[in-house]
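Structure data follow from entry02.cif (mmCIF, C-alpha atoms):
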```
data_run
#
loop_
_atom_site.group_PDB
_atom_site.id
_atom_site.type_symbol
_atom_site.label_atom_id
_atom_site.label_comp_id
_atom_site.auth_asym_id
_atom_site.auth_seq_id
_atom_site.Cartn_x
_atom_site.Cartn_y
_atom_site.Cartn_z
ATOM 1 C CA MET A 1 0.000 0.000 0.000
ATOM 2 C CA HIS A 2 2.872 2.337 0.751
ATOM 3 C CA THR A 3 4.270 1.794 -2.772
ATOM 4 C CA LYS A 4 0.874 2.625 -4.337
ATOM 5 C CA GLY A 5 0.806 5.891 -2.391
ATOM 6 C CA LEU A 6 4.270 6.823 -3.632
ATOM 7 C CA ILE A 7 3.356 5.979 -7.217
ATOM 8 C CA ARG A 8 0.136 7.996 -6.932
ATOM 9 C CA ALA A 9 2.039 10.973 -5.447
ATOM 10 C CA ALA A 10 4.679 10.794 -8.199
ATOM 11 C CA PHE A 11 1.973 10.633 -10.875
ATOM 12 C CA CYS A 12 0.187 13.656 -9.395
ATOM 13 C CA ALA A 13 3.465 15.589 -9.235
ATOM 14 C CA LEU A 14 4.204 14.823 -12.901
ATOM 15 C CA LEU A 15 0.659 15.778 -13.897
ATOM 16 C CA LEU A 16 0.897 19.107 -12.075
ATOM 17 C CA ALA A 17 4.315 19.810 -13.592
ATOM 18 C CA GLY A 18 2.888 19.128 -17.065
ATOM 19 C CA LEU A 19 -0.035 21.465 -16.436
ATOM 20 C CA ALA A 20 2.335 24.208 -15.262
ATOM 21 C CA LEU A 21 4.163 24.059 -18.600
ATOM 22 C CA ALA A 22 1.044 23.857 -20.776
ATOM 23 C CA PRO A 23 0.345 26.725 -23.197
ATOM 24 C CA GLY A 24 -1.736 29.408 -21.509
ATOM 25 C CA SER A 25 -0.495 28.434 -18.067
ATOM 26 C CA ALA A 26 1.064 30.794 -15.551
ATOM 27 C CA ALA A 27 4.545 29.601 -16.600
ATOM 28 C CA ALA A 28 3.845 30.416 -20.260
ATOM 29 C CA GLN A 29 2.351 33.757 -19.254
ATOM 30 C CA SER A 30 5.466 34.722 -17.336
ATOM 31 C CA GLU A 31 7.599 34.234 -20.472
ATOM 32 C CA GLU A 32 5.173 36.346 -22.489
ATOM 33 C CA GLU A 33 5.345 39.028 -19.814
ATOM 34 C CA ALA A 34 9.150 38.890 -19.842
ATOM 35 C CA VAL A 35 9.163 39.295 -23.639
ATOM 36 C CA MET A 36 6.726 42.213 -23.435
ATOM 37 C CA ALA A 37 8.875 43.848 -20.728
ATOM 38 C CA VAL A 38 11.709 44.114 -23.286
ATOM 39 C CA ILE A 39 9.407 45.895 -25.747
ATOM 40 C CA THR A 40 8.160 48.195 -22.979
ATOM 41 C CA THR A 41 11.757 49.018 -21.991
ATOM 42 C CA LEU A 42 12.526 49.924 -25.613
ATOM 43 C CA PHE A 43 9.669 52.411 -25.830
ATOM 44 C CA ASP A 44 10.215 53.784 -22.318
ATOM 45 C CA GLY A 45 13.841 54.381 -23.323
ATOM 46 C CA MET A 46 12.702 56.217 -26.450
ATOM 47 C CA ARG A 47 10.370 58.456 -24.453
ATOM 48 C CA ALA A 48 13.152 59.184 -21.941
ATOM 49 C CA GLY A 49 15.724 59.893 -24.679
ATOM 50 C CA ASP A 50 17.900 57.195 -23.087
ATOM 51 C CA GLY A 51 20.064 55.661 -25.807
ATOM 52 C CA ASP A 52 21.763 53.288 -23.365
ATOM 53 C CA ARG A 53 18.438 51.819 -22.254
ATOM 54 C CA VAL A 54 17.424 51.351 -25.895
ATOM 55 C CA ARG A 55 20.793 49.802 -26.750
ATOM 56 C CA GLY A 56 20.406 47.371 -23.854
ATOM 57 C CA VAL A 57 17.333 45.611 -25.292
ATOM 58 C CA PHE A 58 19.108 44.537 -28.498
ATOM 59 C CA ALA A 59 21.243 41.405 -28.827
ATOM 60 C CA GLU A 60 24.717 41.735 -30.257
ATOM 61 C CA GLY A 61 24.452 41.528 -34.051
ATOM 62 C CA ALA A 62 20.739 42.431 -34.071
ATOM 63 C CA LEU A 63 19.199 43.742 -37.286
ATOM 64 C CA MET A 64 16.712 46.521 -37.872
ATOM 65 C CA ASN A 65 14.778 47.454 -41.032
ATOM 66 C CA SER A 66 11.764 49.410 -42.193
ATOM 67 C CA VAL A 67 9.448 48.583 -45.051
ATOM 68 C CA ALA A 68 8.985 51.803 -46.979
ATOM 69 C CA GLU A 69 7.305 52.686 -50.228
ATOM 70 C CA ARG A 70 8.757 54.717 -53.062
ATOM 71 C CA ASP A 71 6.739 55.401 -56.210
ATOM 72 C CA GLY A 72 4.262 52.694 -55.173
ATOM 73 C CA VAL A 73 6.956 50.020 -54.817
ATOM 74 C CA ALA A 74 7.833 48.432 -51.476
ATOM 75 C CA MET A 75 11.450 48.627 -50.462
ATOM 76 C CA LEU A 76 13.467 47.541 -47.449
ATOM 77 C CA ARG A 77 15.190 50.432 -45.715
ATOM 78 C CA PRO A 78 18.088 49.227 -43.550
ATOM 79 C CA GLY A 79 18.816 50.645 -40.142
ATOM 80 C CA SER A 80 20.896 49.607 -37.173
ATOM 81 C CA PRO A 81 20.091 49.228 -33.496
ATOM 82 C CA THR A 82 23.272 51.138 -32.626
ATOM 83 C CA GLY A 83 22.417 54.029 -34.952
ATOM 84 C CA PHE A 84 18.870 54.058 -33.622
ATOM 85 C CA ALA A 85 20.030 54.093 -29.980
ATOM 86 C CA ASP A 86 22.481 56.893 -30.795
ATOM 87 C CA ALA A 87 19.669 58.936 -32.385
ATOM 88 C CA VAL A 88 17.398 58.344 -29.393
ATOM 89 C CA GLY A 89 20.179 59.539 -27.066
ATOM 90 C CA GLN A 90 20.817 62.778 -28.972
ATOM 91 C CA PRO A 91 19.048 65.844 -27.604
ATOM 92 C CA HIS A 92 15.792 66.570 -29.424
ATOM 93 C CA ASP A 93 13.125 69.163 -28.717
ATOM 94 C CA GLU A 94 10.208 66.748 -28.488
ATOM 95 C CA VAL A 95 9.644 63.406 -26.831
ATOM 96 C CA TRP A 96 9.687 60.446 -29.219
ATOM 97 C CA ASP A 97 6.571 58.597 -28.170
ATOM 98 C CA GLU A 98 5.740 55.289 -29.838
ATOM 99 C CA ARG A 99 2.438 53.908 -28.588
ATOM 100 C CA ILE A 100 1.519 50.273 -29.189
ATOM 101 C CA TRP A 101 -1.599 48.172 -28.709
ATOM 102 C CA ASP A 102 -2.996 44.685 -29.360
ATOM 103 C CA ALA A 103 0.391 42.967 -29.156
ATOM 104 C CA VAL A 104 0.353 39.350 -30.317
ATOM 105 C CA ILE A 105 3.095 37.365 -28.595
ATOM 106 C CA HIS A 106 4.306 33.876 -29.490
ATOM 107 C CA VAL A 107 6.953 32.049 -27.482
ATOM 108 C CA ASP A 108 8.628 28.761 -28.374
ATOM 109 C CA GLY A 109 11.448 27.929 -25.997
ATOM 110 C CA LYS A 110 14.189 30.510 -26.556
ATOM 111 C CA LEU A 111 12.479 32.208 -29.532
ATOM 112 C CA ALA A 112 9.702 34.787 -29.349
ATOM 113 C CA SER A 113 7.804 36.888 -31.854
ATOM 114 C CA VAL A 114 5.779 40.033 -31.161
ATOM 115 C CA TRP A 115 3.540 41.779 -33.698
ATOM 116 C CA THR A 116 1.955 45.062 -32.717
ATOM 117 C CA PRO A 117 0.399 48.063 -34.424
ATOM 118 C CA TYR A 118 1.818 51.423 -33.376
ATOM 119 C CA ALA A 119 1.403 55.164 -33.655
ATOM 120 C CA PHE A 120 4.434 57.434 -33.387
ATOM 121 C CA TYR A 121 4.222 60.945 -31.966
ATOM 122 C CA ARG A 122 6.788 63.713 -31.763
ATOM 123 C CA GLY A 123 5.675 65.342 -28.564
ATOM 124 C CA THR A 124 1.900 65.388 -28.882
ATOM 125 C CA THR A 125 1.949 65.656 -32.695
ATOM 126 C CA PHE A 126 1.125 62.524 -34.682
ATOM 127 C CA SER A 127 3.927 61.562 -37.097
ATOM 128 C CA HIS A 128 3.125 58.132 -38.560
ATOM 129 C CA CYS A 129 1.713 54.686 -37.863
ATOM 130 C CA GLY A 130 2.356 51.111 -38.889
ATOM 131 C CA ALA A 131 3.199 47.752 -37.411
ATOM 132 C CA ASN A 132 6.253 46.404 -35.614
ATOM 133 C CA SER A 133 7.467 42.836 -35.958
ATOM 134 C CA PHE A 134 9.958 41.850 -33.268
ATOM 135 C CA GLN A 135 11.955 38.628 -33.082
ATOM 136 C CA LEU A 136 13.575 37.947 -29.729
ATOM 137 C CA MET A 137 15.948 35.352 -28.356
ATOM 138 C CA LYS A 138 16.396 34.291 -24.755
ATOM 139 C CA GLY A 139 20.088 34.052 -23.948
ATOM 140 C CA ALA A 140 22.149 33.981 -20.788
ATOM 141 C CA ASP A 141 21.148 37.597 -20.021
ATOM 142 C CA GLY A 142 17.434 37.153 -20.759
ATOM 143 C CA TRP A 143 15.264 38.162 -23.702
ATOM 144 C CA LYS A 144 16.844 40.442 -26.318
ATOM 145 C CA ILE A 145 15.610 41.744 -29.664
ATOM 146 C CA VAL A 146 17.463 40.085 -32.554
ATOM 147 C CA TYR A 147 15.390 41.548 -35.393
ATOM 148 C CA LEU A 148 12.988 44.457 -35.678
ATOM 149 C CA VAL A 149 11.183 45.427 -38.851
ATOM 150 C CA ASP A 150 8.415 47.993 -39.099
ATOM 151 C CA SER A 151 6.109 49.523 -41.646
ATOM 152 C CA ARG A 152 5.462 53.262 -41.808
ATOM 153 C CA ARG A 153 2.626 55.264 -43.245
ATOM 154 C CA THR A 154 0.693 58.454 -42.593
ATOM 155 C CA ASP A 155 -2.674 57.451 -44.039
ATOM 156 C CA GLY A 156 -5.106 54.691 -43.145
ATOM 157 C CA CYS A 157 -4.097 54.837 -39.492
ATOM 158 C CA GLU A 158 -6.789 53.412 -37.245
ATOM 159 C CA ILE A 159 -5.570 54.383 -33.815
ATOM 160 C CA PRO A 160 -7.765 53.479 -30.849
ATOM 161 C CA GLU A 161 -9.034 56.547 -29.013
ATOM 162 C CA ALA A 162 -7.491 55.382 -25.733
ATOM 163 C CA VAL A 163 -4.076 55.183 -27.449
ATOM 164 C CA GLU A 164 -4.420 58.675 -28.916
ATOM 165 C CA GLN A 165 -5.183 60.080 -25.478
ATOM 166 C CA ASP A 166 -2.473 58.047 -23.740
ATOM 167 C CA HIS A 167 0.650 59.658 -22.284
#
```

Rewrite the structure from the file as structure tokens, please.
Amino acid sequence: MHTKGLIRAAFCALLLAGLALAPGSAAAQSEEEAVMAVITTLFDGMRAGDGDRVRGVFAEGALMNSVAERDGVAMLRPGSPTGFADAVGQPHDEVWDERIWDAVIHVDGKLASVWTPYAFYRGTTFSHCGANSFQLMKGADGWKIVYLVDSRRTDGCEIPEAVEQDH
């Protein structure tokens, strides 16, 4: 009888451990929250004009691009996380305020993807909108952005009222 109790306890422990790792569980949520914290740090750093904070969310060798349009043709406009962080850290008259909403986060082990619409404001003046696509990797020092690509436009922007009034 003692052996049956041990087997039953071991089975229950394994079952609970499996449930803790199931998609949608608290364990999965904590990874999603950790991924989102990196994105939040990026945009908080932008608003603060803190190039070092922005630089800190990117992995070494990370890439950055924008999808632009010229004469009706899509083109990839290269950028660099270092150049971006340097620009954020330079004095500018207005706060760079990128507001996001409806983030969709996917995590698979050490890889994560975040897709989110955004609206960018210089101070309180609307500049442009689009979508961000982030790819992140979890390394020894936590989640870091390895690739960021965005789209940019000034028309067809459907910004939720709460986002427009935010900040």

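Between atom CA of A:Tyr118 and atom CA of A:Gly130 the interatomic distance comes to 5.5 Å.
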
Using only C-alpha atoms and a cutoff of 7 Å, can you tell me which residues are near (15.7, 49.2, -42.9) in the file's coordinates, and write them out as a PyMOL selection string?
chain A and resi 64-67+76-79

Excluding stretch 109-115 of chain A and residues on its chain fewer than 3 positions from it, collect all residues at most 8 Å away from it, counting all atoms listed in the file, and give them as a PyMOL selection string.
chain A and resi 35+103-106+131-139

Enclose all atoms of stretch 149-166 of chain A listed in the file in an axis-aligned box, grow every side by 5 Å, and hand back centre and edge lengths in Å to one decimal, as lines of an AutoDock Vina configuration file.
```
center_x = 1.1
center_y = 52.8
center_z = -33.9
size_x = 30.2
size_y = 24.7
size_z = 30.3
```

Find, counting only C-alpha atoms, the residue in A:Phe126, A:Phe58, A:Phe120, A:Phe43 that gets nearest to A:Tyr147.
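That would be A:Phe58, the residue with the smallest distance to A:Tyr147.
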
I'd like to see the residues matched by the PyMOL selection byres ((chain A and resi 98-102) around 12) on this file, and ideally I'd get them as a short mmCIF file (atom, residue, chain, number, x, y, z; two decimals) with C-alpha atoms, in the coordinates of the input.
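Listed below is the output, out.cif:
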```cif
data_model
loop_
_atom_site.label_atom_id
_atom_site.label_comp_id
_atom_site.auth_asym_id
_atom_site.auth_seq_id
_atom_site.Cartn_x
_atom_site.Cartn_y
_atom_site.Cartn_z
CA MET A 36 6.73 42.21 -23.44
CA ILE A 39 9.41 45.90 -25.75
CA THR A 40 8.16 48.20 -22.98
CA THR A 41 11.76 49.02 -21.99
CA LEU A 42 12.53 49.92 -25.61
CA PHE A 43 9.67 52.41 -25.83
CA ASP A 44 10.22 53.78 -22.32
CA GLY A 45 13.84 54.38 -23.32
CA MET A 46 12.70 56.22 -26.45
CA ARG A 47 10.37 58.46 -24.45
CA ALA A 48 13.15 59.18 -21.94
CA VAL A 95 9.64 63.41 -26.83
CA TRP A 96 9.69 60.45 -29.22
CA ASP A 97 6.57 58.60 -28.17
CA ALA A 103 0.39 42.97 -29.16
CA VAL A 104 0.35 39.35 -30.32
CA ILE A 105 3.10 37.36 -28.60
CA VAL A 114 5.78 40.03 -31.16
CA TRP A 115 3.54 41.78 -33.70
CA THR A 116 1.96 45.06 -32.72
CA PRO A 117 0.40 48.06 -34.42
CA TYR A 118 1.82 51.42 -33.38
CA ALA A 119 1.40 55.16 -33.66
CA PHE A 120 4.43 57.43 -33.39
CA TYR A 121 4.22 60.94 -31.97
CA ARG A 122 6.79 63.71 -31.76
CA GLY A 123 5.68 65.34 -28.56
CA THR A 124 1.90 65.39 -28.88
CA THR A 125 1.95 65.66 -32.70
CA PHE A 126 1.12 62.52 -34.68
CA SER A 127 3.93 61.56 -37.10
CA HIS A 128 3.12 58.13 -38.56
CA CYS A 129 1.71 54.69 -37.86
CA GLY A 130 2.36 51.11 -38.89
CA ALA A 131 3.20 47.75 -37.41
CA ASN A 132 6.25 46.40 -35.61
CA SER A 133 7.47 42.84 -35.96
CA GLU A 158 -6.79 53.41 -37.24
CA ILE A 159 -5.57 54.38 -33.82
CA PRO A 160 -7.76 53.48 -30.85
CA GLU A 161 -9.03 56.55 -29.01
CA ALA A 162 -7.49 55.38 -25.73
CA VAL A 163 -4.08 55.18 -27.45
CA GLU A 164 -4.42 58.68 -28.92
CA GLN A 165 -5.18 60.08 -25.48
CA ASP A 166 -2.47 58.05 -23.74
CA HIS A 167 0.65 59.66 -22.28
#
```

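The two atoms in question, atom CA of A:Ala74 and atom CA of A:Val88, are spaced 26.0 Å apart.
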
Considering only C-alpha atoms, state which residue in the set A:Ala68, A:Ala87, A:Leu63, A:Ile145 is at the smallest distance from A:Ala37.
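Nearest candidate to A:Ala37 out of A:Ala68, A:Ala87, A:Leu63, A:Ile145: A:Ile145.
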
Selected residue of minimal separation from A:Lys144 among A:Glu60, A:Asp71, A:Asp93, A:Asp86, counting all atoms listed in the file:
A:Glu60

Between atom CA of A:Thr154 and atom CA of A:Gln90, what distance in Å does the model show, to one decimal?
24.7 Å

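Using all atoms listed in the file, the smallest distance between any of A:Gly49, A:Gly56, A:Gly156, A:Gly142 and A:Pro81 comes from A:Gly56.
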
The residue from A:Val146, A:Val38, A:Ala62, A:Cys157 with the smallest atom-to-atom distance to A:Gly83, counting all atoms listed in the file, is A:Ala62

Between A:Val57, A:Leu148, A:Ala85, A:Val73, which has the minimum distance to A:Ala34 (counting only C-alpha atoms)?
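Checking each candidate against A:Ala34, we get A:Val57 as the closest.
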